[in-house]
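Colleague: Dropping a structure here in structure tokens format, bear with me for questions.
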Amino acid sequence: MASLNSIMKIFQPKDRIFYTLFEEVIGTVAEMAALLKNLITETDRNKRFTILSEIENAEHKNDDTTHSIFTQLSRTFITPFDREDIHHLATTLDDVADYIYSSAKRIAFYNISNTDEGILKLANLIAYAVDEVKTAVVGLRDMKNLQAMTNALVKINSIENQADDIYDLCVERLFDMEQDIKMLIKKREVYHAMETATDKCEDAGNAIETIIVKYA
């Protein structure tokens with residue numbers, strides 16, 4: 001009997017490590033979303049670059065954690081859900097972090113005004129979407145509160161739709177009102193990077209929904 005128990009332990013995921021790693025990733029992404037809002041509202045350019053450095057460090061930390069997920073995936077015989085779903089969720093969460101960092105870099109380097117209403121709204125939507133993704137990711141550990149997870153996924157989709165609308169309106173106003181062609185190009189890049197961050201949140205939500213359908 002003892003021998004059988006030893007054999008079974010080999011095939012069990014060690015310390016449910018994937019849940020811990022995913023929770024660490026989304027925690028870091030949430031920190032990045034909050035820092036992005038701080039960077040946008042900061043008026044001092046030097047302080048903006050200090051915040052950007054914090055975002056960059058968080059992005060590097062997230063890369064390391066994502067790499068740990070892939071490493072565990074190659075070493076673990078039995079995983080809590082399908083390998084392709086683990087890989088897809090890890091990739092989409094990493095994409096969210098990448099586009100938050102990309103947005104922050106452009107805002108800092110291009111010296112975008114902290115009064116741009118569209119950018120402020122998109123930053124808030126990114127933070128809201130990341131919070132809902134966090135709810136869904138944390139719920140994966142035991143899937144005991146499927147209603148909260150499902151509600152979070154619905155909200156993520158709604159937030160992404162709002163971001164689409166804001167992006168379209170911002171670009172329309174930009175072409176109508178911005179006289180400086182260089183600034184027009186810069187702001188459009190920022191809008192696009194920020195809207196894409198919400199797209200990636202929706203991708204993460206879709207990845208979680210797939211897992212729920214298979215395993216809940």
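Chain labels run A, B, ... following the order of the structure tokens; each chain numbers its residues from 1, and ligands are numbered from 1 in the order shown.
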Would you pick out the contacts of Phe22 (chain A) at 9 Å or less, using only C-alpha atoms, so that residues sharing its chain but fewer than 2 positions from it are not included, and give the list as a PyMOL selection string?
Modeller: chain A and resi 17-20+24-27+65-66+69+89-90+93+137-138
Colleague: So that I can check the surroundings of Ala33 (chain A), please list as a ChimeraX atom specification every protein, DNA and RNA residue that reaches within 8 Å of it, counting only C-alpha atoms and ignoring chain neighbours fewer than 3 positions away.
Modeller: /A:29-30,36-37,100,123,126-127,130
Colleague: Would you mind exporting N, CA and C atoms of the selected residues as a PDB file, in the first residue's frame?
Modeller:
```pdb
ATOM      1  N   VAL A  29       0.637  41.750 -12.908  1.00  0.00           N
ATOM      2  CA  VAL A  29      -0.050  42.514 -13.953  1.00  0.00           C
ATOM      3  C   VAL A  29      -0.941  43.585 -13.335  1.00  0.00           C
ATOM      4  N   ALA A  30      -1.603  43.253 -12.235  1.00  0.00           N
ATOM      5  CA  ALA A  30      -2.448  44.241 -11.550  1.00  0.00           C
ATOM      6  C   ALA A  30      -1.607  45.407 -11.029  1.00  0.00           C
ATOM      7  N   LEU A  36       0.565  52.162 -14.242  1.00  0.00           N
ATOM      8  CA  LEU A  36       0.269  52.877 -15.495  1.00  0.00           C
ATOM      9  C   LEU A  36      -0.615  54.088 -15.217  1.00  0.00           C
ATOM     10  N   LYS A  37      -1.616  53.923 -14.386  1.00  0.00           N
ATOM     11  CA  LYS A  37      -2.484  55.042 -14.031  1.00  0.00           C
ATOM     12  C   LYS A  37      -1.697  56.141 -13.323  1.00  0.00           C
ATOM     13  N   ILE A 100       0.721  46.685 -21.483  1.00  0.00           N
ATOM     14  CA  ILE A 100       0.735  47.730 -20.454  1.00  0.00           C
ATOM     15  C   ILE A 100       2.091  48.427 -20.457  1.00  0.00           C
ATOM     16  N   ALA A 123      -6.842  53.822 -19.455  1.00  0.00           N
ATOM     17  CA  ALA A 123      -6.063  53.319 -18.320  1.00  0.00           C
ATOM     18  C   ALA A 123      -6.981  52.752 -17.240  1.00  0.00           C
ATOM     19  N   ILE A 126      -8.309  49.412 -18.462  1.00  0.00           N
ATOM     20  CA  ILE A 126      -7.287  48.359 -18.338  1.00  0.00           C
ATOM     21  C   ILE A 126      -7.253  47.850 -16.903  1.00  0.00           C
ATOM     22  N   ALA A 127      -7.238  48.766 -15.943  1.00  0.00           N
ATOM     23  CA  ALA A 127      -7.191  48.373 -14.528  1.00  0.00           C
ATOM     24  C   ALA A 127      -8.433  47.571 -14.141  1.00  0.00           C
ATOM     25  N   VAL A 130      -8.179  44.060 -15.738  1.00  0.00           N
ATOM     26  CA  VAL A 130      -7.181  43.230 -15.046  1.00  0.00           C
ATOM     27  C   VAL A 130      -7.737  42.737 -13.706  1.00  0.00           C
TER      28      VAL A 130
END
```
Colleague: Excluding same-chain residues fewer than 2 positions from region 141-157 of chain A, what lies within 6 Å of it counting only C-alpha atoms, as a PyMOL selection string?
Modeller: chain A and resi 19+129+132+136+139+159-160+202+205
Colleague: With N, CA and C atoms kept, could you save the residues just selected as a JSON list (two decimals), in the first residue's frame?
Modeller:
```json
[["chain", "number", "residue", "atom", "x", "y", "z"],
["A", 19, "TYR", "N", -1.35, 26.92, -10.11],
["A", 19, "TYR", "CA", -2.26, 27.92, -9.54],
["A", 19, "TYR", "C", -1.47, 29.05, -8.89],
["A", 129, "ALA", "N", -10.35, 45.78, -16.15],
["A", 129, "ALA", "CA", -10.30, 44.48, -16.82],
["A", 129, "ALA", "C", -9.33, 43.54, -16.12],
["A", 132, "GLU", "N", -10.82, 42.06, -13.02],
["A", 132, "GLU", "CA", -11.76, 40.97, -13.31],
["A", 132, "GLU", "C", -11.02, 39.70, -13.73],
["A", 136, "ALA", "N", -11.07, 35.87, -11.92],
["A", 136, "ALA", "CA", -11.23, 34.61, -12.63],
["A", 136, "ALA", "C", -10.04, 33.68, -12.43],
["A", 139, "GLY", "N", -10.02, 32.15, -9.02],
["A", 139, "GLY", "CA", -11.08, 31.15, -8.93],
["A", 139, "GLY", "C", -10.72, 29.79, -9.50],
["A", 159, "ILE", "N", -15.99, 45.42, -20.79],
["A", 159, "ILE", "CA", -14.92, 46.42, -20.70],
["A", 159, "ILE", "C", -14.19, 46.53, -22.03],
["A", 160, "GLU", "N", -13.92, 45.39, -22.66],
["A", 160, "GLU", "CA", -13.23, 45.41, -23.94],
["A", 160, "GLU", "C", -14.06, 46.15, -24.99],
["A", 202, "GLU", "N", -9.35, 40.22, -22.70],
["A", 202, "GLU", "CA", -10.45, 39.40, -23.20],
["A", 202, "GLU", "C", -9.93, 38.03, -23.65],
["A", 205, "GLY", "N", -9.56, 36.02, -20.63],
["A", 205, "GLY", "CA", -10.88, 35.59, -20.18],
["A", 205, "GLY", "C", -11.40, 34.42, -20.99]]
```
Colleague: Residues within 12 Å of region 71-75 of chain A, please, as a PyMOL selection string. Count only C-alpha atoms; anything in the same chain fewer than 2 positions from it doesn't count.
Modeller: chain A and resi 10-22+64-69+77-88+90
Colleague: For the residues in the current selection, export N, CA and C atoms as a JSON list (two decimals), in the first residue's frame.
Modeller:
```json
[["chain", "number", "residue", "atom", "x", "y", "z"],
["A", 10, "ILE", "N", 3.93, 10.58, -7.46],
["A", 10, "ILE", "CA", 4.73, 10.96, -8.62],
["A", 10, "ILE", "C", 3.87, 11.61, -9.68],
["A", 11, "PHE", "N", 2.63, 11.14, -9.78],
["A", 11, "PHE", "CA", 1.73, 11.60, -10.84],
["A", 11, "PHE", "C", 0.85, 12.77, -10.41],
["A", 12, "GLN", "N", 1.03, 13.26, -9.19],
["A", 12, "GLN", "CA", 0.24, 14.39, -8.73],
["A", 12, "GLN", "C", 1.01, 15.69, -8.93],
["A", 13, "PRO", "N", 0.34, 16.76, -9.35],
["A", 13, "PRO", "CA", 1.02, 18.05, -9.48],
["A", 13, "PRO", "C", 1.62, 18.48, -8.15],
["A", 14, "LYS", "N", 2.88, 18.86, -8.14],
["A", 14, "LYS", "CA", 3.54, 19.22, -6.90],
["A", 14, "LYS", "C", 3.07, 20.60, -6.42],
["A", 15, "ASP", "N", 2.49, 20.62, -5.19],
["A", 15, "ASP", "CA", 2.11, 21.88, -4.54],
["A", 15, "ASP", "C", 1.15, 22.72, -5.38],
["A", 16, "ARG", "N", 0.46, 22.07, -6.30],
["A", 16, "ARG", "CA", -0.49, 22.83, -7.14],
["A", 16, "ARG", "C", 0.19, 24.09, -7.68],
["A", 17, "ILE", "N", 1.40, 23.90, -8.15],
["A", 17, "ILE", "CA", 2.28, 25.02, -8.48],
["A", 17, "ILE", "C", 1.72, 25.93, -9.56],
["A", 18, "PHE", "N", 0.95, 25.38, -10.50],
["A", 18, "PHE", "CA", 0.44, 26.21, -11.60],
["A", 18, "PHE", "C", -0.51, 27.28, -11.08],
["A", 19, "TYR", "N", -1.35, 26.92, -10.11],
["A", 19, "TYR", "CA", -2.26, 27.92, -9.54],
["A", 19, "TYR", "C", -1.47, 29.05, -8.89],
["A", 20, "THR", "N", -0.46, 28.68, -8.13],
["A", 20, "THR", "CA", 0.36, 29.68, -7.45],
["A", 20, "THR", "C", 1.05, 30.60, -8.45],
["A", 21, "LEU", "N", 1.60, 30.01, -9.51],
["A", 21, "LEU", "CA", 2.30, 30.81, -10.51],
["A", 21, "LEU", "C", 1.35, 31.74, -11.26],
["A", 22, "PHE", "N", 0.17, 31.24, -11.63],
["A", 22, "PHE", "CA", -0.80, 32.09, -12.32],
["A", 22, "PHE", "C", -1.25, 33.24, -11.42],
["A", 64, "ASP", "N", 9.80, 36.29, -15.96],
["A", 64, "ASP", "CA", 10.43, 35.19, -15.22],
["A", 64, "ASP", "C", 9.39, 34.19, -14.71],
["A", 65, "THR", "N", 8.28, 34.72, -14.20],
["A", 65, "THR", "CA", 7.23, 33.83, -13.68],
["A", 65, "THR", "C", 6.59, 33.04, -14.82],
["A", 66, "THR", "N", 6.37, 33.70, -15.94],
["A", 66, "THR", "CA", 5.81, 33.01, -17.11],
["A", 66, "THR", "C", 6.75, 31.91, -17.58],
["A", 67, "HIS", "N", 8.04, 32.20, -17.57],
["A", 67, "HIS", "CA", 9.03, 31.18, -17.93],
["A", 67, "HIS", "C", 8.96, 30.00, -16.97],
["A", 68, "SER", "N", 8.72, 30.28, -15.69],
["A", 68, "SER", "CA", 8.59, 29.21, -14.70],
["A", 68, "SER", "C", 7.39, 28.32, -15.01],
["A", 69, "ILE", "N", 6.31, 28.94, -15.49],
["A", 69, "ILE", "CA", 5.13, 28.15, -15.87],
["A", 69, "ILE", "C", 5.49, 27.20, -16.99],
["A", 77, "PHE", "N", 4.19, 15.68, -15.20],
["A", 77, "PHE", "CA", 3.52, 14.64, -15.99],
["A", 77, "PHE", "C", 2.01, 14.87, -16.05],
["A", 78, "ILE", "N", 1.41, 15.12, -14.89],
["A", 78, "ILE", "CA", -0.03, 15.38, -14.82],
["A", 78, "ILE", "C", -0.23, 16.83, -14.41],
["A", 79, "THR", "N", -1.02, 17.54, -15.17],
["A", 79, "THR", "CA", -1.28, 18.96, -14.92],
["A", 79, "THR", "C", -2.75, 19.14, -14.52],
["A", 80, "PRO", "N", -3.08, 20.24, -13.82],
["A", 80, "PRO", "CA", -4.45, 20.43, -13.35],
["A", 80, "PRO", "C", -5.47, 20.60, -14.48],
["A", 81, "PHE", "N", -5.01, 21.09, -15.64],
["A", 81, "PHE", "CA", -5.84, 21.11, -16.84],
["A", 81, "PHE", "C", -4.94, 21.00, -18.05],
["A", 82, "ASP", "N", -5.54, 20.94, -19.24],
["A", 82, "ASP", "CA", -4.78, 20.61, -20.45],
["A", 82, "ASP", "C", -3.56, 21.51, -20.63],
["A", 83, "ARG", "N", -2.49, 20.91, -21.12],
["A", 83, "ARG", "CA", -1.25, 21.64, -21.32],
["A", 83, "ARG", "C", -1.43, 22.83, -22.26],
["A", 84, "GLU", "N", -2.19, 22.63, -23.33],
["A", 84, "GLU", "CA", -2.37, 23.73, -24.27],
["A", 84, "GLU", "C", -3.15, 24.89, -23.64],
["A", 85, "ASP", "N", -4.05, 24.57, -22.69],
["A", 85, "ASP", "CA", -4.80, 25.62, -22.00],
["A", 85, "ASP", "C", -3.90, 26.38, -21.03],
["A", 86, "ILE", "N", -3.01, 25.66, -20.35],
["A", 86, "ILE", "CA", -2.04, 26.32, -19.46],
["A", 86, "ILE", "C", -1.14, 27.24, -20.27],
["A", 87, "HIS", "N", -0.65, 26.73, -21.38],
["A", 87, "HIS", "CA", 0.24, 27.53, -22.23],
["A", 87, "HIS", "C", -0.48, 28.76, -22.77],
["A", 88, "HIS", "N", -1.72, 28.56, -23.21],
["A", 88, "HIS", "CA", -2.47, 29.68, -23.80],
["A", 88, "HIS", "C", -2.77, 30.75, -22.76],
["A", 90, "ALA", "N", -1.12, 31.37, -19.96],
["A", 90, "ALA", "CA", 0.14, 32.02, -19.60],
["A", 90, "ALA", "C", 0.55, 33.04, -20.66]]
```
Colleague: Could you pull out the helix (DSSP H, G or I) residues of region 67-144 of chain A from DSSP and send them as number ranges by chain?
Modeller: A: 67-75, 83-109, 117-139
Colleague: To one decimal place, how far is CA of Ala204 (chain A) from CA of Thr92 (chain A) in Å?
Modeller: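 The value is 5.2 Å.
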Colleague: Point out the residue among A:Leu35, A:Ile119, A:Ala216, A:Leu125 with the least atom-to-atom distance to His192 (chain A), counting only C-alpha atoms.
Modeller: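 Closest candidate: A:Ile119.
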Colleague: To one decimal place, how far is CA of Glu195 (chain A) from CA of Met32 (chain A) in Å?
Modeller: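 Going from CA of Glu195 (chain A) over to CA of Met32 (chain A) covers 15.5 Å.
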Colleague: Provide the CA of Ala207 (chain A) to CA of Leu120 (chain A) distance in Å, to one decimal place.
Modeller: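 Separation between CA of Ala207 (chain A) and CA of Leu120 (chain A): 27.6 Å.
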